[in-house]
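Visitor: My questions all concern the structure below.
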Amino acid sequence: MPTHTPLRARSTIWRALALAAVAALTAALLTPSAAQAAPRESRPVYSYAHAVREAVWVDTGLDEDGDGRTDRVAADIVRPAEPARQGRRVPVVMDASPYYSCCGRGNESQLKTYDAHGRVVRMPLFYDNYFVPRGYAVVGVDLTGTNRSTGCVDVGGRSEIRSAKAVVDWLNGRARAYTTSTGTRTVKATWSNGRTGMIGKSWDATIANGVAATGVKGLRTIVPISGISSWYDYYVAQGARLYDGGPGDLAGYVENSGARAHCAAVHKRLADGSPADGDWTPLWTERDYVKDAAKVRASVFLVHGMQDLNVRTKHFGQWWDALARHGVRRKIWLSQTGHVDPFDYRRGAWVDTLHRWFDHELLGYDNGVDREPMADIERHPDQWVTSRAWPPHGTRTTTLRPAPGTRPGVGTLGLRPATGTETFTDDPGLSESDWAAHATTPTPEKAGFVTAPLSRDLRLSGSSRVTVTVTPTTSSAHLSAVLVDLGPDTIRDYADGGEGITTLTARDCWGASTAGDSACFRKTRAKTAKVDHTVFSRGWADLGHHASLAHGVPLVPGTAYTMTLDLAATDHVVPRGHRLALIVAGTDRNLVEAPATRPSLALDLSRTTARLPLAGGAPAFARATAGGTPTAPAPRIMDGLRTPDLPRLLPAG
């Protein structure tokens with residue numbers, strides 16, 4: 001006969017089993033190996049085809065066009081529909097740009113397109129295709145006075161920065177937006193959790209820098225690609241105009257018809273505030289984001305081409321250094337290209353790294369990206385190295401000094417002070433390429449100083465400064481200083497139209513597509529050149545601004561002046577067997593405008609120095625040059641890249 005457990009006993013047993021099951025489940029949930037462990041990567045689980053597409057116009061609080069109404073900036077939004085239906089909010093990837101209707105974004109110059117209801121159909125670049133299915137909203141902002149925004153283009157000034165900042169504020173519930181550019185119906189970002197990451201190249205990157213420098217809450221990270229950090233340094237190099245044009249010309253290039261009709265007063269302010277004499281004015285102070293680096297709350301993932309002659313590397317160098325002084329969390333990629341997006345020179349690694357960066361910064365995933373090396377540097381085409389910190393630990397500013405050589409105009413470069421004078425005459429028809437090609441040959445337009453052949457690699461990481469004392473023969477003079485790696489190499493051809501890449505016909509795809517917005521983009525490959533020398537850092541100045549950037553003065557012929565030139569930041573290794581050269585000259589054709597006169601200049605070697613950021617400092621330099629021949633090398637002409645023709649530049653892609 002079977003036996004039966006009493007009802008009360010059975011109840012007690014079931015309660016014990018239930019408690020044990022709950023305890024076991026709780027333990028499993030707390031175990032790292034459990035199925036419910038914290039996610040490390042966002043997955044494409046949401047529909048891109050059914051994403052919500054909408055537009056809002058955010059009130060900036062300014063009336064720059066003087067029409068009696070505050071300006072409104074248009075923000076086009078693509079976001080996954082499912083999270084909102086589930087009561088969940090999403091973070092935002094935002095690109096604020098003036099180029100969505102006039103010039104296009106990316107290597108294929110994509111423009112925004114719209115349906116009959118004014119909703120965005122194609123958002124340029126891959127960000128929406130890739131990130132929307134992974135649970136992000138992507139917002140493309142038309143800067144004031146461009147595309148569908150009202151107001152005026154003020155080229156990096158208060159209006160532009162405030163227009164993008166206003167969108168971040170709206171995403172965090174602190175600003176007002178409307179369903180049309182002139183209507184009264186308001187709309188809230190109930191779908192946004194407020195966490196915003198700004199990204200973009202060139203002008204777009206510049207706006208990201210500027211918005212971060214306001215300290216706006218909710219901006220968690222920025223990814224500036226080839227961005228400007230101070231607009232003065234875009235148009236002027238320490239008093240020397242870099243090329244024709246100014247902010248007023250740039251505004252006219254990108255503004256919409258409403259801005260052209262109503263923004264004459266803004267155009268005048270831009271023209272009046274950026275004089276051709278190269279003086280620093282209040283207009284430039286307003287557009288200097290470096291001075292406000294202490295306000296930055298966002299992390300910064302900075303990307304730049306080390307041969308970018310459009311937005312030159314001084315911009316990332318001074319921005320990086322200022323962020324470091326204030327403890328901002330940072331990451332950096334430096335390529336051998338010119339003004340090129342990493343999507344077009346290291347596509348797979350870029351998308352993967354950017355994905356993990358946004359997952360970490362905006363979704364809070366512990367994926368380890370913050371513990372990886374701080375810097376990725378392209379040492380040779382498609383060959384990358386990393387550094388745990390940048391500049392790397394052990395980098396020391398080292399003072400090198402020029403000395404006379406066995407031939408006039410071709411001296412030596414070392415650690416010991418020297419005396420003597422070298423004289424050169426400005427030739428506006430020649431460039432850094434011409435000087436470097438003749439670095440070992442006496443020529444009248446430059447003074448060159450060359451080390452002995454290196455017995456060890458020598459790495460420079462960071463920004464250099466060259467202090468010169470010169471005596472001019474005329475009332476005006478411009479100066480150039482360049483650092484050159486003398487030796488054979490294969491490098492990216494940054495002087496070519498693609499600035500180091502060749503665009504192919506085949507495509508690959510990065511995300512989901514619709515009929516109106518393809519996620520497939522043309523592939524690229526490195527465009528390379530074999531050279532005998534490489535100019536890897538450069539700087540320019542107007543000698544009349546030796547005492548102050550605010551006020552240039554006429555020079556007194558026959559009087560000695562001392563001035564320090566800021567050279568562009570870089571990370572370059574001069575290999576064993578090569579020589580390091582410093583060249584001082586006058587006008588650099590295509591890269592700086594000529595002065596009003598054509599002076600000869602006597603360079604006082606006892607009062608001229610180059611302060612270089614060397615890995616290992618002075619001891620490393622001494623070891624690398626020990627035993628080498630201190631005399632100048634045999635004269636010969638060395639092949640290199642030509643100086644690109646850059647008569648007028650735009651901070652575009």
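Naming scheme: A, B, ... for chains in displayed order of the structure tokens; residues 1 onward per chain; ligands 1 onward as shown.
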Counting only C-alpha atoms, which residues of stretch 52-103 of chain A fall within 7 Å of stretch 247-264 of chain A, and what is the closest atom pair for each with its distance in Å at one decimal, ordered by chain and rising number, as a Markdown table?

Guide:
| residue | atom | partner | partner_atom | distance |
| --- | --- | --- | --- | --- |
| A:Asp65 | CA | A:Cys263 | CA | 5.3 |
| A:Pro98 | CA | A:Val254 | CA | 6.3 |
| A:Tyr99 | CA | A:Val254 | CA | 6.7 |
| A:Cys102 | CA | A:Val254 | CA | 5.9 |

Visitor: Could you dump the residues just selected with N, CA, C and O atoms as a tab-separated table (two decimals), in the first residue's frame?

Guide:
chain	number	residue	atom	x	y	z
A	65	ASP	N	19.09	87.23	-37.24
A	65	ASP	CA	18.68	87.79	-38.53
A	65	ASP	C	17.78	89.01	-38.38
A	65	ASP	O	17.35	89.61	-39.38
A	98	PRO	N	26.90	72.60	-41.12
A	98	PRO	CA	26.36	73.57	-42.07
A	98	PRO	C	26.27	73.03	-43.49
A	98	PRO	O	25.90	73.74	-44.41
A	99	TYR	N	26.65	71.75	-43.68
A	99	TYR	CA	26.87	71.21	-45.02
A	99	TYR	C	25.77	70.27	-45.51
A	99	TYR	O	25.96	69.59	-46.52
A	102	CYS	N	24.34	72.29	-48.82
A	102	CYS	CA	25.16	73.01	-49.81
A	102	CYS	C	26.30	72.18	-50.35
A	102	CYS	O	26.69	72.33	-51.50

Visitor: Which residues are near A:Gly500? Cut-off 8 Å, only C-alpha atoms, ignore same chain within fewer than 5 positions. Put them as a PyMOL selection string.

Guide: chain A and resi 336-338+340+492-495+526-528

Visitor: Based on the selection just made, write C-alpha atoms of those residues as a PDB file, in the first residue's frame.

Guide:
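This is the output file selection-v8.pdb:
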ATOM      1  CA  GLN A 336      49.285  59.755 -42.074  1.00  0.00           C
ATOM      2  CA  THR A 337      46.471  61.237 -44.174  1.00  0.00           C
ATOM      3  CA  GLY A 338      45.453  64.789 -44.846  1.00  0.00           C
ATOM      4  CA  VAL A 340      40.284  62.490 -44.308  1.00  0.00           C
ATOM      5  CA  ARG A 492      50.577  58.269 -47.870  1.00  0.00           C
ATOM      6  CA  ASP A 493      50.419  60.784 -50.706  1.00  0.00           C
ATOM      7  CA  TYR A 494      48.720  63.570 -48.764  1.00  0.00           C
ATOM      8  CA  ALA A 495      49.441  66.057 -51.597  1.00  0.00           C
ATOM      9  CA  ALA A 526      45.884  53.924 -49.394  1.00  0.00           C
ATOM     10  CA  LYS A 527      47.414  56.197 -52.049  1.00  0.00           C
ATOM     11  CA  THR A 528      51.154  56.032 -51.436  1.00  0.00           C
TER      12      THR A 528
END

Visitor: Find the residues of stretch 185-244 of chain A that sit at most 12 Å from stretch 40-55 of chain A; for each, write down the nearest two atoms and how far apart they are in Å, to one decimal. Count only C-alpha atoms. Sort by chain, then by number going up, and give it as a tab-separated table.

Guide:
residue	atom	partner	partner_atom	distance
A:Thr186	CA	A:Ala55	CA	11.8
A:Val187	CA	A:Ala55	CA	10.0
A:Lys188	CA	A:Ala55	CA	11.6
A:Ala189	CA	A:Glu54	CA	11.2
A:Trp191	CA	A:Val52	CA	10.7

Visitor: What lies within 12 Å of A:Leu555 using only C-alpha atoms, ignoring chain neighbours under 3 positions off, as a PyMOL selection string?

Guide: chain A and resi 470-478+542-547+552+558-562+595-597+599+601

Visitor: How would the residues just picked look written out with C-alpha atoms as a tab-separated table (two decimals), in the first residue's frame?

Guide:
chain	number	residue	atom	x	y	z
A	470	VAL	CA	66.49	87.56	-36.97
A	471	THR	CA	67.44	90.91	-38.40
A	472	PRO	CA	65.34	91.93	-41.44
A	473	THR	CA	66.29	94.33	-44.22
A	474	THR	CA	62.73	95.59	-44.79
A	475	SER	CA	59.72	96.75	-42.77
A	476	SER	CA	57.80	93.46	-43.04
A	477	ALA	CA	58.75	89.78	-42.97
A	478	HIS	CA	57.14	86.39	-42.68
A	542	ASP	CA	54.57	87.35	-39.14
A	543	LEU	CA	57.63	88.94	-37.57
A	544	GLY	CA	55.70	92.18	-37.06
A	545	HIS	CA	53.65	90.34	-34.41
A	546	HIS	CA	56.72	89.38	-32.38
A	547	ALA	CA	55.56	91.36	-29.34
A	552	GLY	CA	51.36	93.90	-35.52
A	558	GLY	CA	68.61	96.43	-39.30
A	559	THR	CA	67.00	95.72	-35.90
A	560	ALA	CA	67.11	92.24	-34.38
A	561	TYR	CA	63.77	90.68	-33.34
A	562	THR	CA	63.10	87.49	-31.40
A	595	PRO	CA	54.54	89.90	-46.82
A	596	ALA	CA	54.38	93.31	-48.46
A	597	THR	CA	58.15	93.29	-48.97
A	599	PRO	CA	63.34	90.85	-47.08
A	601	LEU	CA	67.03	88.04	-42.87

Visitor: Considering only C-alpha atoms, can you say which of A:Leu125, A:Val573, A:Ala515, A:Leu363 comes closest to A:Glu378?

Guide: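 Looking only at the distances to A:Glu378, the closest residue turns out to be A:Val573.
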
Visitor: Using only C-alpha atoms, can you tell me which of A:Ala541, A:Val73, A:Val450, A:Leu62 comes closest to A:Asp566?

Guide: A:Ala541

Visitor: Any chance you could tabulate, as a Markdown table, the residues of stretch 101-188 of chain A at most 12 Å from stretch 271-291 of chain A with each one's nearest atom pair and distance in Å to one decimal, using only C-alpha atoms, in chain and rising number order?

Guide:
| residue | atom | partner | partner_atom | distance |
| --- | --- | --- | --- | --- |
| A:Asp154 | CA | A:Arg287 | CA | 9.9 |
| A:Val155 | CA | A:Arg287 | CA | 8.4 |
| A:Gly156 | CA | A:Arg287 | CA | 5.9 |
| A:Gly157 | CA | A:Arg287 | CA | 5.5 |
| A:Arg158 | CA | A:Glu286 | CA | 7.3 |
| A:Ser159 | CA | A:Glu286 | CA | 10.8 |
| A:Glu160 | CA | A:Arg287 | CA | 10.3 |
| A:Ile161 | CA | A:Arg287 | CA | 9.4 |

Visitor: Write to file, as an mmCIF file, in the first residue's frame, the residues of the selection just made, with N, CA and C atoms.

Guide:
data_model
loop_
_atom_site.group_PDB
_atom_site.id
_atom_site.type_symbol
_atom_site.label_atom_id
_atom_site.label_comp_id
_atom_site.auth_asym_id
_atom_site.auth_seq_id
_atom_site.Cartn_x
_atom_site.Cartn_y
_atom_site.Cartn_z
ATOM 1 N N ASP A 154 27.369 82.420 -38.338
ATOM 2 C CA ASP A 154 28.393 83.301 -37.754
ATOM 3 C C ASP A 154 29.729 82.582 -37.566
ATOM 4 N N VAL A 155 29.920 81.454 -38.266
ATOM 5 C CA VAL A 155 31.219 80.787 -38.416
ATOM 6 C C VAL A 155 31.889 80.534 -37.061
ATOM 7 N N GLY A 156 31.313 79.609 -36.325
ATOM 8 C CA GLY A 156 31.907 79.188 -35.070
ATOM 9 C C GLY A 156 31.659 80.096 -33.895
ATOM 10 N N GLY A 157 30.842 81.132 -34.084
ATOM 11 C CA GLY A 157 30.586 82.090 -33.025
ATOM 12 C C GLY A 157 29.436 81.697 -32.126
ATOM 13 N N ARG A 158 28.951 82.701 -31.385
ATOM 14 C CA ARG A 158 27.925 82.452 -30.374
ATOM 15 C C ARG A 158 26.683 81.787 -30.949
ATOM 16 N N SER A 159 26.225 82.246 -32.107
ATOM 17 C CA SER A 159 24.981 81.723 -32.669
ATOM 18 C C SER A 159 25.114 80.250 -33.032
ATOM 19 N N GLU A 160 26.207 79.885 -33.707
ATOM 20 C CA GLU A 160 26.371 78.486 -34.113
ATOM 21 C C GLU A 160 26.521 77.566 -32.913
ATOM 22 N N ILE A 161 27.366 77.943 -31.971
ATOM 23 C CA ILE A 161 27.558 77.088 -30.802
ATOM 24 C C ILE A 161 26.265 76.977 -30.014
#

Visitor: Among stretch 54-205 of chain A, which ones does DSSP assign to strand (DSSP E or B) (computed from the backbone)? Answer as a ChimeraX atom specification.

Guide: /A:54-59,72-79,90-97,105,110,113-114,120-122,137-142,177-178,186-187,192-201

Visitor: Provide the atom CA of A:Ala436 to atom CA of A:Leu582 distance in Å, to one decimal place.

Guide: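 Straight-line distance from atom CA of A:Ala436 to atom CA of A:Leu582 works out to 9.3 Å.
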
Visitor: Find the spatial neighbours of A:Arg525, counting only C-alpha atoms, within a cut-off of 7 Å - ignore same-chain residues fewer than 5 positions away - and output them as a ChimeraX atom specification.

Guide: /A:345,501-503

Visitor: Could you save those same residues with N, CA, C and O atoms as a compact mmCIF listing (two decimals), in the first residue's frame?

Guide:
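The result, written out as part.txt:
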# COMPACT_ATOMS: atom_id res chain seq x y z
N TYR A 345 39.90 55.48 -44.23
CA TYR A 345 41.25 54.93 -44.27
C TYR A 345 41.45 53.75 -43.32
O TYR A 345 42.45 53.05 -43.42
N ILE A 501 44.21 58.79 -49.86
CA ILE A 501 43.36 57.65 -50.19
C ILE A 501 42.98 57.68 -51.67
O ILE A 501 42.99 58.74 -52.30
N THR A 502 42.67 56.51 -52.19
CA THR A 502 42.07 56.38 -53.51
C THR A 502 40.69 55.75 -53.32
O THR A 502 40.56 54.72 -52.64
N THR A 503 39.67 56.35 -53.89
CA THR A 503 38.30 55.84 -53.76
C THR A 503 38.02 54.84 -54.87
O THR A 503 38.24 55.13 -56.06

Visitor: Smallest atom-to-atom distance to A:Leu309: which of A:Trp57, A:Tyr235, A:Tyr100, A:Phe131, using only C-alpha atoms?

Guide: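 Distance minimum relative to A:Leu309 lands on A:Tyr235.
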
Visitor: Give me the residues within 9 Å of A:Glu82 as an MDAnalysis selection string, counting only C-alpha atoms and dropping any in the same chain fewer than 2 places off.

Guide: chainID A and resid 46:47 51 80 84:88 135

Visitor: Please, could you write that set of residues out with all heavy atoms as a JSON list (two decimals), in the first residue's frame?

Guide:
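Once everything was written out, this is part_34.json:
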[["chain", "number", "residue", "atom", "x", "y", "z"],
["A", 46, "TYR", "N", 16.69, 46.34, -33.45],
["A", 46, "TYR", "CA", 15.55, 47.19, -33.76],
["A", 46, "TYR", "C", 15.45, 47.41, -35.27],
["A", 46, "TYR", "O", 16.44, 47.39, -36.00],
["A", 46, "TYR", "CB", 15.67, 48.54, -33.04],
["A", 46, "TYR", "CG", 15.75, 48.41, -31.55],
["A", 46, "TYR", "CD1", 16.90, 48.80, -30.86],
["A", 46, "TYR", "CD2", 14.69, 47.88, -30.81],
["A", 46, "TYR", "CE1", 16.98, 48.67, -29.48],
["A", 46, "TYR", "CE2", 14.76, 47.75, -29.44],
["A", 46, "TYR", "CZ", 15.91, 48.14, -28.78],
["A", 46, "TYR", "OH", 15.99, 48.00, -27.42],
["A", 47, "SER", "N", 14.25, 47.68, -35.72],
["A", 47, "SER", "CA", 13.99, 47.84, -37.15],
["A", 47, "SER", "C", 14.42, 49.22, -37.64],
["A", 47, "SER", "O", 13.94, 50.24, -37.12],
["A", 47, "SER", "CB", 12.50, 47.63, -37.44],
["A", 47, "SER", "OG", 12.20, 48.00, -38.78],
["A", 51, "ALA", "N", 11.88, 52.74, -38.40],
["A", 51, "ALA", "CA", 12.32, 53.76, -37.44],
["A", 51, "ALA", "C", 11.46, 55.01, -37.56],
["A", 51, "ALA", "O", 10.92, 55.33, -38.63],
["A", 51, "ALA", "CB", 13.78, 54.11, -37.70],
["A", 80, "PRO", "N", 14.83, 54.47, -33.20],
["A", 80, "PRO", "CA", 14.09, 53.21, -33.22],
["A", 80, "PRO", "C", 12.71, 53.38, -32.59],
["A", 80, "PRO", "O", 12.57, 54.07, -31.57],
["A", 80, "PRO", "CB", 14.97, 52.26, -32.40],
["A", 80, "PRO", "CG", 15.77, 53.16, -31.51],
["A", 80, "PRO", "CD", 15.99, 54.43, -32.30],
["A", 84, "ALA", "N", 10.45, 53.34, -27.43],
["A", 84, "ALA", "CA", 9.43, 54.26, -26.94],
["A", 84, "ALA", "C", 8.13, 53.51, -26.63],
["A", 84, "ALA", "O", 7.45, 53.82, -25.64],
["A", 84, "ALA", "CB", 9.19, 55.36, -27.96],
["A", 85, "ARG", "N", 7.79, 52.53, -27.46],
["A", 85, "ARG", "CA", 6.57, 51.75, -27.21],
["A", 85, "ARG", "C", 6.71, 50.92, -25.94],
["A", 85, "ARG", "O", 5.71, 50.59, -25.28],
["A", 85, "ARG", "CB", 6.28, 50.84, -28.40],
["A", 85, "ARG", "CG", 5.83, 51.58, -29.65],
["A", 85, "ARG", "CD", 5.10, 50.67, -30.61],
["A", 85, "ARG", "NE", 5.95, 49.59, -31.11],
["A", 85, "ARG", "CZ", 6.59, 49.64, -32.28],
["A", 85, "ARG", "NH1", 6.50, 50.73, -33.04],
["A", 85, "ARG", "NH2", 7.32, 48.63, -32.67],
["A", 86, "GLN", "N", 7.95, 50.59, -25.59],
["A", 86, "GLN", "CA", 8.20, 49.79, -24.38],
["A", 86, "GLN", "C", 8.45, 50.67, -23.16],
["A", 86, "GLN", "O", 8.80, 50.16, -22.09],
["A", 86, "GLN", "CB", 9.41, 48.88, -24.64],
["A", 86, "GLN", "CG", 9.18, 47.87, -25.76],
["A", 86, "GLN", "CD", 10.48, 47.26, -26.29],
["A", 86, "GLN", "OE1", 11.57, 47.58, -25.80],
["A", 86, "GLN", "NE2", 10.36, 46.39, -27.28],
["A", 87, "GLY", "N", 8.32, 51.99, -23.33],
["A", 87, "GLY", "CA", 8.51, 52.90, -22.22],
["A", 87, "GLY", "C", 9.97, 53.15, -21.87],
["A", 87, "GLY", "O", 10.27, 53.56, -20.74],
["A", 88, "ARG", "N", 10.88, 52.92, -22.84],
["A", 88, "ARG", "CA", 12.30, 53.12, -22.58],
["A", 88, "ARG", "C", 12.83, 54.27, -23.43],
["A", 88, "ARG", "O", 12.38, 54.50, -24.54],
["A", 88, "ARG", "CB", 13.09, 51.84, -22.89],
["A", 88, "ARG", "CG", 12.77, 50.72, -21.91],
["A", 88, "ARG", "CD", 13.66, 49.50, -22.13],
["A", 88, "ARG", "NE", 13.37, 48.85, -23.41],
["A", 88, "ARG", "CZ", 14.16, 48.87, -24.47],
["A", 88, "ARG", "NH1", 15.30, 49.56, -24.42],
["A", 88, "ARG", "NH2", 13.83, 48.24, -25.56],
["A", 135, "GLY", "N", 19.82, 50.76, -30.97],
["A", 135, "GLY", "CA", 19.16, 51.41, -29.84],
["A", 135, "GLY", "C", 19.56, 52.85, -29.59],
["A", 135, "GLY", "O", 19.35, 53.37, -28.49]]

Visitor: Taking only C-alpha atoms into account, name the residue in A:Glu445, A:Glu108, A:Asp71, A:Asp588 that is nearest to A:Arg538.

Guide: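 Closest candidate: A:Asp588.
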
Visitor: Take atom CA of A:Thr423 and atom CA of A:Leu605 and report the distance between them in Å, one decimal.

Guide: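 Atom-to-atom, atom CA of A:Thr423 to atom CA of A:Leu605, that is 10.4 Å.
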
Visitor: Please return as number ranges by chain: the residues of stretch 37-273 of chain A that backbone DSSP assigns to alpha helix (DSSP H).

Guide: A: 81-85, 127-131, 158-171, 203-212, 231-235, 247-254, 257-262, 264-272
